[in-house]
Amino acid sequence: MESQSSGKNFNSVDANIKSSHSIRFYFNLILRNKVPILLSLAVGFIVSYFYAYSQVDIYASASSMRLTKPKENVLENKLFADFEGELPERYINNEVEILRSFAIREITAKSLLDSFKVLSGKVRFSLLCQNPENCTEPKSVNQIASLLQSVTEISQKRGLDIVSIKAESPSPVEAALISNCYAESYTDYSLKFNRGHLTLNREFLEKQVQEKYNSLLQTEDKMTHFLRTENVVELGTQAHTIINALSDIETEYNRSSMEFQSTSKALENYKSELERVDPKATQYFESRITDPYLGELQGEIAKLEIQRDLAKTGNEDLIKESKYLKDLDKKIGELKRNLNEKLQILKDGASSKTPEDLRGLSNQYFETKIHYEQNKIKENLLKNYLAKYQERFNKLPAQTIEYANLERERRSNEKVYLMLLEKYQEALINEESQPNNVKIIDYGKVPRSPAKPNRFLIITIGLLIGLGLGYGFALLRNILDVTVKSPEDLENIGISLIGWVPTFMRESKSGRHSHSEQELILAYNSDSAPAESFRTLRTRLQFSKLEPEPIKTILITSSIPREGKTIISSNLAASFSLSAKVLLLDCDFRKPRLHNVFNMKRYPGLCDNLFGTVTLEETIRQTQFPNLDLITCGTIPTNPAELIASKHMQIFLNQMKPKYDYIIIDSPPLATVTDAELLSSYVDGTVVVSLANKTRLDLLVNTIDTLNKINDTFIGVVLNNFDYQATYGSYYKYYYYYYGSEKGKEKTPASTNGNSSGNGNLKTKPATKPS
């Protein structure tokens, strides 16, 4: 009944074969394919080892810089205080991109070339050389700048305002040099950029100071020459008053004019930078600053400041016209407060609509624009005052006018020169006091050990790849291999497994046992694991069928030839003979082998008896086992199937049953001929032998399915030549302890428990788990 229920599942064999794999399955897969896996592992190790140690050592050195918000110098006067918040992430990212730009790399390349000229011959260079093996000529600036892109890594430390510059080179000193030069080049560039408008102002004032100094010298020469030729001693009181007033106004006008030019240059610089980022920003600021109310406030403030400055020079006429001179400072202060409040509102509105990273630049543009408008208004007012006093000056006598012009020009140039010199000194201090927003906090040090290659990691990856390829090969091999490999393969698809027989071991040719004895394991090594497996098989067959009658006749067959059915039948019969009287029949009328196993002649045999040429007594032969009789095949018939299907065969079996407790029949493979199908209808039970790693699972299923369609005599499958050490290797030590007292064990190559006719004796291999 059990065989019938298992036979119902054979229509869904393909689905059952794809059953889920357990951990044991994968472990067994490794054991069965340990040779290719170890070979793949060895190849992976060798390849990765030679690759790792063929790579050039690469040294790495890193310098660190801290970025802060750009700050104004401590001496510069601003209309508005800087109220920016924390340094935005976008600002750091912009600075990192500037560091990676070709402009910075080009500056660094020039610095490296200068270092190369100084250190060449003292330090080993590699990347900077045209020929690293003979480093005499350096690479060009463009080549080094392009190279820096691949040998440097610029990154921001997460959550910090720290930027790291890491350089790699085959030379440790060169790696540190590249890292430090890169950091210093960027620091100098950043400082120059922060001082940009201050530098422009200082250069402009330096040029003006030199021009005014030359003009003053020329004026003094002219005045000296005039006094010598015209014999003029001094000017009148009226002329002195007018000249002093003109000189003061002209000085203020020149001062205002230069401030206007300076702010104009700075405004153009900020405007070009701002327009690169947002072209519409400058239009917005100009539209708000040109408010008429602002213009009136700025004009009134400029007018009052001019009156106050001229009054302080001691000009009596202006003092008489300015009766409220004492209240000028108070009124100017009130007007400035109103102007600052209005400008602060405009600035807050503009800042709210400006991205955070652009607020600093937009604030500087806004303030410079205010200064520009104020200077422009002040210059126009002074120009009007200058024209008024020029008209009074022109009414003086001709000779006096010429002398007065020279005196006025000298005084004006002298005052302007002193004023410019003062402004120049102030601009120089402002430029030098401008702090840098980049600070190097850690210079790159010369590394002592290489950073690349990580040879341990490379070898580890090589081993993992080798292991993966080996295991992948094992999986692919397992998928493509449809043979029976372990008892689990049969149990997973519902095939009844009676037992399994482990692999026999071949002894040397000088061994004690003959060729026939090597296949009868119970004859010369009855304490071995294979012998024990046959005894276990005997016990399971005895109790496999008890009703309506105990099993008496057993057919041994297989799917295809050379699966070991002859060895199984002979050793099984020997095992039964230890406790019962047994008859072993060789019904393989096509390729009989039992006579070779027992070292007997084939004739006379069963076929001769069925043909009536010999008597039954002549065919029955005794073996070395007391209770085991053997009937060989005899003469090979021309029609084996017809002979088996004849009544003579049935009568013969009926005659033998009362004489023996068990009858073991060795038959041909079922998948090739019909002999086994015919014999299965005469017996009580049929056992199918499958050879591990050879029998195809689909052929085995078809064989069992065929037997189940004929009758219900199928008992189960015996897995022959099963290498339990490869599959259950962890259990090997237990068998060695249990069977380890056996003597005469030699480590020799394995032999298949099949129908092969090899030379040399066989011995057993230790078992790994009980049958």
# chains A, B, ... in the order shown; residues from 1 in each chain; ligands from 1
call {"tool": "select_by_dssp", "arguments": {"residues": "range 553-729 of chain A", "states": "strand (DSSP E or B)", "output": "number ranges by chain"}}
result
A: 553-558, 582-586, 621-622, 628-631, 662-666, 685-691, 696, 714-722
call {"tool": "write_last_selection", "arguments": {"atoms": "N, CA, C and O atoms", "output": "short mmCIF file (atom, residue, chain, number, x, y, z; two decimals), in the first residue's frame"}}
result
data_model
loop_
_atom_site.label_atom_id
_atom_site.label_comp_id
_atom_site.auth_asym_id
_atom_site.auth_seq_id
_atom_site.Cartn_x
_atom_site.Cartn_y
_atom_site.Cartn_z
N THR A 553 10.06 -14.54 -2.14
CA THR A 553 10.82 -14.36 -3.39
C THR A 553 11.05 -12.88 -3.62
O THR A 553 10.11 -12.07 -3.59
N ILE A 554 12.30 -12.52 -3.87
CA ILE A 554 12.69 -11.10 -4.04
C ILE A 554 13.43 -10.95 -5.35
O ILE A 554 14.42 -11.67 -5.61
N LEU A 555 12.97 -10.01 -6.17
CA LEU A 555 13.59 -9.71 -7.46
C LEU A 555 14.50 -8.48 -7.30
O LEU A 555 14.07 -7.46 -6.78
N ILE A 556 15.72 -8.58 -7.75
CA ILE A 556 16.68 -7.47 -7.73
C ILE A 556 16.89 -7.01 -9.17
O ILE A 556 17.37 -7.78 -10.01
N THR A 557 16.54 -5.75 -9.45
CA THR A 557 16.70 -5.21 -10.80
C THR A 557 17.21 -3.77 -10.70
O THR A 557 17.47 -3.25 -9.60
N SER A 558 17.34 -3.12 -11.85
CA SER A 558 17.83 -1.73 -11.89
C SER A 558 17.25 -1.05 -13.14
O SER A 558 16.58 -1.69 -13.94
N VAL A 582 18.70 -20.10 1.65
CA VAL A 582 18.49 -19.14 0.57
C VAL A 582 18.95 -19.75 -0.75
O VAL A 582 19.98 -20.45 -0.80
N LEU A 583 18.19 -19.42 -1.81
CA LEU A 583 18.55 -19.78 -3.17
C LEU A 583 18.76 -18.50 -3.97
O LEU A 583 17.90 -17.61 -3.98
N LEU A 584 19.90 -18.42 -4.63
CA LEU A 584 20.23 -17.26 -5.45
C LEU A 584 20.16 -17.67 -6.92
O LEU A 584 20.89 -18.56 -7.36
N LEU A 585 19.24 -17.00 -7.68
CA LEU A 585 19.02 -17.31 -9.10
C LEU A 585 19.61 -16.24 -9.98
O LEU A 585 19.40 -15.04 -9.73
N ASP A 586 20.33 -16.67 -10.99
CA ASP A 586 20.84 -15.73 -12.00
C ASP A 586 19.89 -15.76 -13.19
O ASP A 586 19.99 -16.61 -14.07
N ARG A 621 24.08 -25.45 -6.97
CA ARG A 621 25.47 -25.52 -6.50
C ARG A 621 25.58 -24.85 -5.12
O ARG A 621 24.96 -23.82 -4.86
N GLN A 622 26.40 -25.46 -4.33
CA GLN A 622 26.64 -24.91 -3.01
C GLN A 622 27.77 -23.87 -3.05
O GLN A 622 28.70 -23.98 -3.85
N LEU A 628 23.52 -21.07 1.59
CA LEU A 628 23.28 -20.35 0.33
C LEU A 628 23.59 -21.26 -0.84
O LEU A 628 24.72 -21.74 -0.99
N ASP A 629 22.56 -21.52 -1.68
CA ASP A 629 22.72 -22.26 -2.93
C ASP A 629 22.61 -21.29 -4.09
O ASP A 629 21.90 -20.28 -4.03
N LEU A 630 23.30 -21.69 -5.18
CA LEU A 630 23.35 -20.83 -6.36
C LEU A 630 22.96 -21.63 -7.59
O LEU A 630 23.41 -22.75 -7.78
N ILE A 631 22.12 -21.04 -8.43
CA ILE A 631 21.81 -21.59 -9.75
C ILE A 631 22.23 -20.53 -10.76
O ILE A 631 21.67 -19.43 -10.81
N TYR A 662 14.10 -18.23 1.42
CA TYR A 662 14.12 -17.03 0.57
C TYR A 662 14.74 -17.37 -0.77
O TYR A 662 15.69 -18.16 -0.84
N ILE A 663 14.18 -16.76 -1.83
CA ILE A 663 14.72 -16.91 -3.18
C ILE A 663 15.07 -15.51 -3.67
O ILE A 663 14.18 -14.64 -3.80
N ILE A 664 16.35 -15.26 -3.95
CA ILE A 664 16.83 -13.96 -4.46
C ILE A 664 17.11 -14.12 -5.95
O ILE A 664 17.88 -15.01 -6.35
N ILE A 665 16.48 -13.26 -6.78
CA ILE A 665 16.59 -13.37 -8.23
C ILE A 665 17.32 -12.14 -8.76
O ILE A 665 16.89 -11.00 -8.52
N ASP A 666 18.39 -12.39 -9.49
CA ASP A 666 19.13 -11.32 -10.17
C ASP A 666 18.62 -11.24 -11.60
O ASP A 666 18.64 -12.23 -12.33
N GLY A 685 8.25 -9.57 -3.92
CA GLY A 685 8.73 -8.19 -3.80
C GLY A 685 9.82 -7.89 -4.80
O GLY A 685 10.61 -8.76 -5.17
N THR A 686 9.86 -6.61 -5.24
CA THR A 686 10.86 -6.16 -6.22
C THR A 686 11.66 -5.01 -5.62
O THR A 686 11.10 -4.05 -5.10
N VAL A 687 12.98 -5.12 -5.73
CA VAL A 687 13.89 -4.08 -5.26
C VAL A 687 14.65 -3.51 -6.45
O VAL A 687 15.19 -4.26 -7.26
N VAL A 688 14.65 -2.17 -6.54
CA VAL A 688 15.35 -1.49 -7.64
C VAL A 688 16.65 -0.91 -7.10
O VAL A 688 16.65 -0.21 -6.08
N VAL A 689 17.74 -1.23 -7.78
CA VAL A 689 19.06 -0.72 -7.38
C VAL A 689 19.37 0.52 -8.21
O VAL A 689 19.22 0.52 -9.44
N SER A 690 19.80 1.59 -7.53
CA SER A 690 20.26 2.81 -8.21
C SER A 690 21.69 3.10 -7.78
O SER A 690 22.04 2.93 -6.61
N LEU A 691 22.49 3.54 -8.73
CA LEU A 691 23.89 3.82 -8.47
C LEU A 691 24.07 5.31 -8.23
O LEU A 691 23.69 6.14 -9.07
N ARG A 696 20.06 8.25 -13.49
CA ARG A 696 19.24 9.45 -13.71
C ARG A 696 17.94 9.32 -12.92
O ARG A 696 17.29 8.28 -12.91
N PHE A 714 6.51 -3.80 -5.89
CA PHE A 714 7.64 -2.89 -5.64
C PHE A 714 7.74 -2.57 -4.16
O PHE A 714 6.77 -2.14 -3.52
N ILE A 715 8.95 -2.77 -3.60
CA ILE A 715 9.19 -2.52 -2.19
C ILE A 715 9.91 -1.20 -1.97
O ILE A 715 9.50 -0.38 -1.17
N GLY A 716 10.98 -1.01 -2.72
CA GLY A 716 11.73 0.22 -2.55
C GLY A 716 13.03 0.19 -3.34
O GLY A 716 13.28 -0.70 -4.14
N VAL A 717 13.86 1.21 -3.06
CA VAL A 717 15.10 1.42 -3.80
C VAL A 717 16.27 1.25 -2.84
O VAL A 717 16.21 1.66 -1.67
N VAL A 718 17.35 0.64 -3.36
CA VAL A 718 18.62 0.55 -2.65
C VAL A 718 19.62 1.46 -3.36
O VAL A 718 19.86 1.30 -4.57
N LEU A 719 20.18 2.42 -2.64
CA LEU A 719 21.17 3.34 -3.22
C LEU A 719 22.55 2.71 -3.06
O LEU A 719 23.06 2.56 -1.94
N ASN A 720 23.17 2.38 -4.16
CA ASN A 720 24.45 1.69 -4.17
C ASN A 720 25.60 2.67 -4.37
O ASN A 720 25.44 3.73 -5.01
N ASN A 721 26.77 2.28 -3.82
CA ASN A 721 28.00 3.06 -4.02
C ASN A 721 27.86 4.50 -3.52
O ASN A 721 28.33 5.45 -4.13
N PHE A 722 27.21 4.66 -2.39
CA PHE A 722 26.97 5.99 -1.81
C PHE A 722 28.19 6.42 -0.98
O PHE A 722 28.57 5.73 -0.04
#
call {"tool": "residues_around", "arguments": {"residues": "range 143-151 of chain A", "least_positions_apart": "5", "cutoff": "6 Å", "atoms": "only C-alpha atoms", "output": "PDB file with N, CA, C and O atoms, in the first residue's frame"}}
result
ATOM      1  N   ARG A 105      44.072  74.504  -9.464  1.00  0.00           N
ATOM      2  CA  ARG A 105      45.047  73.467  -9.807  1.00  0.00           C
ATOM      3  C   ARG A 105      46.229  74.050 -10.584  1.00  0.00           C
ATOM      4  O   ARG A 105      47.367  73.600 -10.437  1.00  0.00           O
ATOM      5  N   GLU A 106      45.967  75.055 -11.389  1.00  0.00           N
ATOM      6  CA  GLU A 106      47.056  75.693 -12.134  1.00  0.00           C
ATOM      7  C   GLU A 106      47.991  76.449 -11.194  1.00  0.00           C
ATOM      8  O   GLU A 106      49.222  76.388 -11.336  1.00  0.00           O
ATOM      9  N   ALA A 109      50.002  73.897  -9.456  1.00  0.00           N
ATOM     10  CA  ALA A 109      51.011  73.323 -10.354  1.00  0.00           C
ATOM     11  C   ALA A 109      52.244  74.225 -10.431  1.00  0.00           C
ATOM     12  O   ALA A 109      53.387  73.745 -10.418  1.00  0.00           O
ATOM     13  N   ALA A 167      46.163  63.793  -1.061  1.00  0.00           N
ATOM     14  CA  ALA A 167      46.945  63.562  -2.272  1.00  0.00           C
ATOM     15  C   ALA A 167      47.593  62.187  -2.196  1.00  0.00           C
ATOM     16  O   ALA A 167      47.996  61.734  -1.118  1.00  0.00           O
ATOM     17  N   GLU A 168      47.690  61.525  -3.353  1.00  0.00           N
ATOM     18  CA  GLU A 168      48.284  60.190  -3.436  1.00  0.00           C
ATOM     19  C   GLU A 168      49.432  60.204  -4.438  1.00  0.00           C
ATOM     20  O   GLU A 168      49.337  60.839  -5.499  1.00  0.00           O
TER      21      GLU A 168
END
call {"tool": "atom_distance", "arguments": {"atom1": "CA of Lys445 in chain A", "atom2": "CA of Ala60 in chain A"}}
result
9.2 Å
call {"tool": "atom_distance", "arguments": {"atom1": "CA of Pro626 in chain A", "atom2": "CA of Lys581 in chain A"}}
result
8.6 Å
call {"tool": "residues_around", "arguments": {"residues": "Leu537 in chain A", "least_positions_apart": "3", "cutoff": "8 Å", "atoms": "only C-alpha atoms", "output": "VMD selection string"}}
result
chain A and resid 498 to 499 533 to 534 540 to 541 572
call {"tool": "write_last_selection", "arguments": {"atoms": "all heavy atoms", "output": "compact mmCIF listing (two decimals), in the first residue's frame"}}
result
# COMPACT_ATOMS: atom_id res chain seq x y z
N ILE A 498 14.86 1.78 0.87
CA ILE A 498 15.07 0.67 1.81
C ILE A 498 16.37 0.86 2.56
O ILE A 498 16.46 0.63 3.77
CB ILE A 498 15.07 -0.68 1.07
CG1 ILE A 498 13.78 -0.84 0.27
CG2 ILE A 498 15.22 -1.83 2.04
CD1 ILE A 498 13.76 -2.09 -0.58
N GLY A 499 17.41 1.27 1.86
CA GLY A 499 18.71 1.44 2.48
C GLY A 499 19.74 1.86 1.45
O GLY A 499 19.45 2.01 0.26
N SER A 533 25.51 -2.68 6.26
CA SER A 533 24.40 -2.13 5.47
C SER A 533 23.59 -3.24 4.82
O SER A 533 22.36 -3.13 4.68
CB SER A 533 24.95 -1.17 4.41
OG SER A 533 25.72 -1.87 3.46
N PHE A 534 24.25 -4.35 4.40
CA PHE A 534 23.51 -5.48 3.82
C PHE A 534 22.67 -6.18 4.89
O PHE A 534 21.55 -6.64 4.61
CB PHE A 534 24.48 -6.47 3.16
CG PHE A 534 24.97 -5.99 1.82
CD1 PHE A 534 26.31 -5.67 1.63
CD2 PHE A 534 24.10 -5.88 0.75
CE1 PHE A 534 26.76 -5.24 0.41
CE2 PHE A 534 24.55 -5.43 -0.48
CZ PHE A 534 25.89 -5.12 -0.66
N ARG A 540 15.17 -5.04 6.87
CA ARG A 540 14.07 -4.22 6.37
C ARG A 540 13.23 -4.98 5.34
O ARG A 540 12.02 -4.80 5.27
CB ARG A 540 14.62 -2.93 5.77
CG ARG A 540 15.23 -2.01 6.81
CD ARG A 540 15.79 -0.75 6.21
NE ARG A 540 16.38 0.11 7.24
CZ ARG A 540 16.99 1.26 7.00
NH1 ARG A 540 17.11 1.67 5.74
NH2 ARG A 540 17.48 1.97 7.99
N LEU A 541 13.90 -5.84 4.54
CA LEU A 541 13.15 -6.63 3.57
C LEU A 541 12.30 -7.70 4.27
O LEU A 541 11.18 -8.00 3.84
CB LEU A 541 14.10 -7.28 2.57
CG LEU A 541 14.73 -6.33 1.54
CD1 LEU A 541 15.77 -7.06 0.69
CD2 LEU A 541 13.66 -5.73 0.63
N LEU A 572 23.26 -9.63 -0.62
CA LEU A 572 21.99 -9.73 0.11
C LEU A 572 21.64 -11.19 0.38
O LEU A 572 21.18 -11.55 1.47
CB LEU A 572 20.89 -9.03 -0.69
CG LEU A 572 19.52 -8.96 -0.02
CD1 LEU A 572 19.58 -8.19 1.29
CD2 LEU A 572 18.50 -8.31 -0.97
call {"tool": "closest_residue", "arguments": {"among": "A:Asn654, A:Ser559, A:Asn693, A:Ser577", "to": "Ser667 in chain A", "atoms": "only C-alpha atoms"}}
result
A:Ser559
call {"tool": "atom_distance", "arguments": {"atom1": "CA of Ile441 in chain A", "atom2": "CA of Arg100 in chain A"}}
result
19.6 Å
